[in-house]
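Colleague: Dropping in query.cif, with mmCIF, C-alpha atoms.
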```
data_final
loop_
_atom_site.label_atom_id
_atom_site.label_comp_id
_atom_site.auth_asym_id
_atom_site.auth_seq_id
_atom_site.Cartn_x
_atom_site.Cartn_y
_atom_site.Cartn_z
CA MET K 285 -68.13 -22.26 -30.48
CA SER K 286 -70.81 -24.31 -28.79
CA PRO K 287 -73.76 -22.41 -27.28
CA PHE K 288 -72.92 -24.32 -24.07
CA GLY K 289 -69.40 -22.91 -23.83
CA THR K 290 -66.22 -24.92 -24.02
CA ILE K 291 -66.93 -28.62 -23.68
CA GLY K 292 -64.33 -30.44 -21.60
CA ARG K 293 -63.81 -34.05 -20.70
CA LEU K 294 -66.82 -35.72 -19.12
CA GLU K 295 -65.91 -36.75 -15.57
CA HIS K 296 -69.15 -37.88 -13.97
CA VAL K 297 -72.36 -38.80 -15.73
CA SER K 298 -74.38 -40.48 -13.01
CA ASP K 299 -74.07 -43.42 -10.69
CA VAL K 300 -74.07 -46.82 -12.38
CA ILE K 301 -74.07 -50.40 -11.14
CA CYS K 302 -70.78 -52.21 -11.63
CA HIS K 303 -71.64 -55.11 -13.93
CA GLU K 304 -69.31 -57.41 -11.98
CA CYS K 305 -69.67 -56.80 -8.24
CA GLY K 306 -73.01 -54.99 -8.21
CA ALA K 307 -71.71 -51.89 -6.38
CA LEU K 308 -73.24 -48.51 -7.09
CA THR K 309 -70.31 -46.63 -8.62
CA PRO K 310 -69.66 -43.21 -10.11
CA GLY K 311 -70.39 -43.06 -13.81
CA THR K 312 -67.07 -42.01 -15.26
CA THR K 313 -64.93 -42.31 -18.34
CA ARG K 314 -61.72 -42.85 -16.37
CA PRO K 315 -59.29 -45.70 -17.15
CA VAL K 316 -59.98 -49.26 -16.09
CA HIS K 317 -57.79 -52.20 -15.12
CA ALA K 318 -55.94 -53.93 -17.97
CA TYR K 319 -57.80 -57.25 -17.61
CA MET K 320 -60.07 -57.14 -14.55
CA ASP K 321 -63.57 -56.50 -15.84
CA ALA K 322 -64.69 -53.70 -13.50
CA SER K 323 -66.66 -50.59 -14.36
CA PRO K 324 -64.53 -47.42 -14.51
CA GLY K 325 -66.16 -46.02 -11.37
CA CYS K 326 -65.61 -49.23 -9.44
CA TRP K 327 -61.94 -49.30 -10.41
CA GLN K 328 -61.69 -45.63 -9.42
CA MET K 329 -63.08 -46.37 -5.94
CA TYR K 330 -60.64 -49.27 -5.52
CA CYS K 331 -57.72 -47.04 -6.54
CA GLU K 332 -58.85 -44.37 -4.08
CA LEU K 333 -58.32 -46.91 -1.26
CA GLN K 334 -54.65 -47.44 -2.14
CA GLU K 335 -53.29 -44.76 0.19
CA TRP K 336 -55.29 -46.21 3.10
CA GLN K 337 -54.15 -49.76 2.26
CA HIS K 338 -50.50 -48.70 2.10
CA SER K 339 -50.82 -47.05 5.51
CA LEU K 340 -51.79 -50.31 7.22
CA ARG K 341 -49.05 -51.74 9.42
CA GLY K 342 -48.31 -54.97 11.22
CA ASP K 343 -49.56 -58.41 10.30
CA HIS K 344 -53.19 -57.48 10.97
CA GLY K 345 -52.86 -54.48 8.64
CA ILE K 346 -51.15 -56.53 5.92
CA THR K 347 -53.89 -59.17 6.23
CA THR K 348 -56.57 -56.50 5.85
CA ALA K 349 -54.83 -54.94 2.84
CA GLN K 350 -54.45 -58.35 1.18
CA HIS K 351 -58.13 -59.14 1.83
CA VAL K 352 -59.11 -55.98 -0.07
CA VAL K 353 -57.00 -57.05 -3.05
CA ASP K 354 -58.20 -60.67 -2.94
CA ALA K 355 -61.90 -59.90 -2.55
CA TYR K 356 -61.87 -57.17 -5.19
CA ALA K 357 -60.16 -59.44 -7.74
CA ALA K 358 -62.56 -62.29 -7.02
CA GLN K 359 -65.55 -59.97 -7.39
CA HIS K 360 -64.40 -58.95 -10.90
CA ALA K 361 -63.85 -62.34 -12.43
CA THR K 362 -65.60 -62.92 -15.72
CA ASN K 363 -62.89 -62.02 -18.23
CA PRO K 364 -61.59 -65.25 -19.83
CA ASP K 365 -58.15 -63.65 -20.39
CA ARG K 366 -55.37 -65.92 -19.08
CA ARG K 367 -54.16 -63.19 -16.70
CA ASP K 368 -57.61 -62.83 -15.19
CA ARG K 369 -58.07 -66.60 -14.81
CA GLN K 370 -54.76 -66.69 -12.96
CA SER K 371 -55.65 -63.66 -10.86
CA VAL K 372 -59.04 -65.01 -9.81
CA THR K 373 -57.66 -68.42 -8.85
CA VAL K 374 -54.68 -67.00 -6.96
CA HIS K 375 -56.82 -64.50 -5.04
CA LEU K 376 -59.36 -67.19 -4.17
CA MET K 377 -56.49 -69.38 -2.94
CA SER K 378 -55.32 -66.45 -0.83
CA LEU K 379 -58.78 -65.94 0.68
CA CYS K 380 -59.04 -69.67 1.41
CA ALA K 381 -55.56 -69.78 2.99
CA SER K 382 -56.47 -66.86 5.23
CA LEU K 383 -60.06 -67.63 6.16
CA GLU K 384 -59.85 -71.41 6.44
CA PHE K 385 -56.22 -72.06 7.37
CA GLY K 386 -55.27 -68.88 9.24
CA VAL K 387 -52.33 -68.04 6.98
CA SER K 388 -51.29 -64.46 7.71
CA GLY K 389 -51.24 -61.68 5.15
CA ARG K 390 -47.45 -61.49 5.30
CA GLN K 391 -47.15 -65.25 4.62
CA ARG K 392 -49.71 -65.13 1.81
CA ARG K 393 -47.91 -62.28 0.06
CA ALA K 394 -44.78 -64.42 0.01
CA MET K 395 -46.71 -67.49 -1.22
CA ILE K 396 -48.61 -65.71 -3.98
CA GLY K 397 -45.44 -65.46 -6.05
CA ASP K 398 -45.27 -69.27 -6.12
CA TRP K 399 -48.90 -69.51 -7.19
CA THR K 400 -48.71 -67.16 -10.17
CA HIS K 401 -47.57 -67.71 -13.75
CA ARG K 402 -49.41 -70.98 -14.07
CA GLU K 403 -52.32 -72.07 -16.17
CA TYR K 404 -55.59 -72.09 -14.26
CA PRO K 405 -59.11 -72.90 -15.44
CA LEU K 406 -61.76 -70.25 -15.98
CA LEU K 407 -63.79 -70.13 -12.79
CA ARG K 408 -67.17 -68.43 -12.93
CA PRO K 409 -68.85 -66.92 -9.89
CA ILE K 410 -72.38 -67.94 -9.04
CA THR K 411 -73.35 -64.33 -8.39
CA ASP K 412 -72.76 -60.98 -9.97
CA HIS K 413 -73.81 -58.97 -6.93
CA TYR K 414 -71.87 -59.23 -3.70
CA PRO K 415 -73.25 -58.14 -0.31
CA VAL K 416 -70.11 -56.15 0.60
CA THR K 417 -68.16 -54.32 -2.09
CA VAL K 418 -65.40 -51.75 -2.50
CA ARG K 419 -68.02 -49.02 -2.09
CA ASP K 420 -68.84 -50.26 1.41
CA VAL K 421 -65.15 -50.22 2.32
CA LYS K 422 -64.59 -46.77 0.84
CA GLU K 423 -67.63 -45.27 2.58
CA ALA K 424 -66.93 -46.88 5.96
CA PRO K 425 -65.39 -44.66 8.61
CA VAL K 426 -61.64 -45.35 8.76
CA GLU K 427 -61.96 -46.88 12.24
CA ARG K 428 -64.47 -49.45 10.88
CA ARG K 429 -62.78 -50.32 7.60
CA HIS K 430 -60.95 -53.37 8.99
CA GLU K 431 -64.31 -54.83 10.02
CA VAL K 432 -65.96 -54.05 6.67
CA VAL K 433 -63.01 -55.57 4.80
CA GLU K 434 -63.35 -58.77 6.83
CA GLU K 435 -67.05 -58.89 5.89
CA MET K 436 -66.10 -58.32 2.24
CA ALA K 437 -63.50 -61.11 2.32
CA THR K 438 -65.79 -63.58 4.10
CA SER K 439 -68.85 -62.89 1.94
CA THR K 440 -66.80 -63.01 -1.26
CA TRP K 441 -65.25 -66.36 -0.32
CA SER K 442 -68.74 -67.68 0.56
CA ALA K 443 -70.10 -66.52 -2.80
CA TRP K 444 -67.57 -68.78 -4.52
CA SER K 445 -68.73 -71.91 -2.64
CA ILE K 446 -69.25 -73.83 -5.89
CA HIS K 447 -65.45 -73.75 -6.38
CA HIS K 448 -64.29 -74.25 -2.78
CA ARG K 449 -63.27 -77.88 -3.29
CA GLU K 450 -61.24 -77.04 -6.40
CA ILE K 451 -59.51 -74.10 -4.68
CA ARG K 452 -58.74 -76.18 -1.57
CA THR K 453 -57.22 -78.89 -3.76
CA LEU K 454 -55.01 -76.39 -5.62
CA LEU K 455 -53.99 -74.77 -2.35
CA ALA K 456 -53.19 -78.11 -0.69
CA GLY K 457 -50.43 -78.68 -3.23
CA PHE K 458 -48.72 -75.51 -2.03
CA LEU K 459 -49.37 -75.86 1.70
CA ALA K 460 -48.09 -79.44 1.94
#
```
Go ahead and express the file in the form of structure tokens.
Modeller:
Amino acid sequence: MSPFGTIGRLEHVSDVICHECGALTPGTTRPVHAYMDASPGCWQMYCELQEWQHSLRGDHGITTAQHVVDAYAAQHATNPDRRDRQSVTVHLMSLCASLEFGVSGRQRRAMIGDWTHREYPLLRPITDHYPVTVRDVKEAPVERRHEVVEEMATSTWSAWSIHHREIRTLLAGFLA
């Protein structure tokens, strides 16, 4: 027996910076997403928002929930796996459709199915630290989360400015 007693599973080491979005996240050994390259603590914080996201109602609520998904996926975008390339492109198209063309969350959810299962190029972000991350959303008071999510969506879309033309062109083929 160890002089320290029974040693169990390590749950929390210390806070670490997510290598993708730049958020300060819990250091943990928990599972991560299958292909999105997020730190375990970052993925944990995202998953902890699921109950809140599922509680959102009406078109405004669906738009907010979709913005969380879109911004999070775009902030964790450096895995060259085909599934991640598709995910990043589709979620950037969704952000563009919403923020530039006013397409509602409900409409985008229906459209995303048409956008998936295609080959898309590997798009690389120009930053690895975003001004608003999942941590900001999680820590915001519930009554302010919509506002923080909008800031996350807007700042994430802005951070991808190098690819705006390409995303708009891809999206135009579906909006025509």
Colleague: Applying 6 Å and all atoms listed in the file, which residues near segment 363-374 of chain K remain after dropping the ones on its own chain fewer than 4 positions away? List them as a ChimeraX atom specification.
Modeller: /K:358,404,406
Colleague: Find, counting all atoms listed in the file, the residue in K:Asp343, K:Glu384, K:Asp321, K:Glu335 that gets nearest to Ala357 of chain K.
Modeller: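 Checking each of K:Asp343, K:Glu384, K:Asp321, K:Glu335 against Ala357 of chain K, counting all atoms listed in the file, the winner is K:Asp321.
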Colleague: Given the choices K:Pro315, K:His338, K:Thr348, K:Ser445, which gets closest to Arg428 of chain K if the distance is worked out from all atoms listed in the file?
Modeller: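 That would be K:Thr348, the residue with the smallest distance to Arg428 of chain K.
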Colleague: Return the single residue from K:Gly325, K:Pro405, K:Gly345, K:Gly386 that is closest to Val433 of chain K, with distances computed using all atoms listed in the file.
Modeller: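 Closest to Val433 of chain K, using all atoms listed in the file: K:Gly345.
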Colleague: Show which residues sit within 8 Å of segment 450-455 of chain K, as number ranges by chain. Count only C-alpha atoms, and ignore same-chain residues fewer than 3 positions away.
Modeller: K: 373, 376-377, 380-381, 447, 458-459
Colleague: For each of K:Gln337, K:Thr347, K:Thr417, K:Ser382, take the minimum atom-to-atom distance to Leu308 of chain K, counting all atoms listed in the file, then give the residue where this is smallest.
Modeller: K:Thr417
Colleague: Report the distance between atom CA of Pro310 of chain K and atom CA of Trp327 of chain K in Å, rounded to one decimal place.
Modeller: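 It comes out at 9.8 Å.
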Colleague: Can you turn the PyMOL selection byres ((chain K and resi 311) around 9) into a concrete residue list for this file, as a list in words?
Modeller: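 After applying the PyMOL selection byres ((chain K and resi 311) around 9), what remains is Glu295, His296, Val297, Ser298, Asp299, Val300, Ile301, Thr309, Pro310, Thr312, Thr313, Ser323, Pro324, Gly325 and Cys326 of chain K.
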Colleague: Please determine, counting all atoms listed in the file, which residue among K:Tyr356, K:Tyr319, K:Trp399, K:Tyr330 has the shortest atom-to-atom distance to Trp441 of chain K.
Modeller: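 Closest residue, counting all atoms listed in the file: K:Tyr356.
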Colleague: Just give me the gap between atom CA of Val432 of chain K and atom CA of Asp420 of chain K in Å, one decimal is fine.
Modeller: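 Atom-to-atom, atom CA of Val432 of chain K and atom CA of Asp420 of chain K are spaced 7.1 Å apart.
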Colleague: Could you jot down the atom CA of Arg390 of chain K to atom CA of Glu434 of chain K separation for me, Å, one decimal place?
Modeller: 16.2 Å
Colleague: Under the rule that all atoms listed in the file are counted, which of K:Ala460, K:Leu379, K:Val316, K:Ala437 is the nearest residue to Met329 of chain K?
Modeller: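 Of the candidates, the smallest distance to Met329 of chain K is held by K:Val316.
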Colleague: Output the residue selection produced by the PyMOL selection byres ((chain K and resi 305) around 9) on the file above, formatted as JSON, numbers by chain.
Modeller: {"K": [301, 302, 303, 304, 306, 307, 322, 326, 356, 359, 360, 411, 412, 413, 414, 415, 416, 417, 418]}
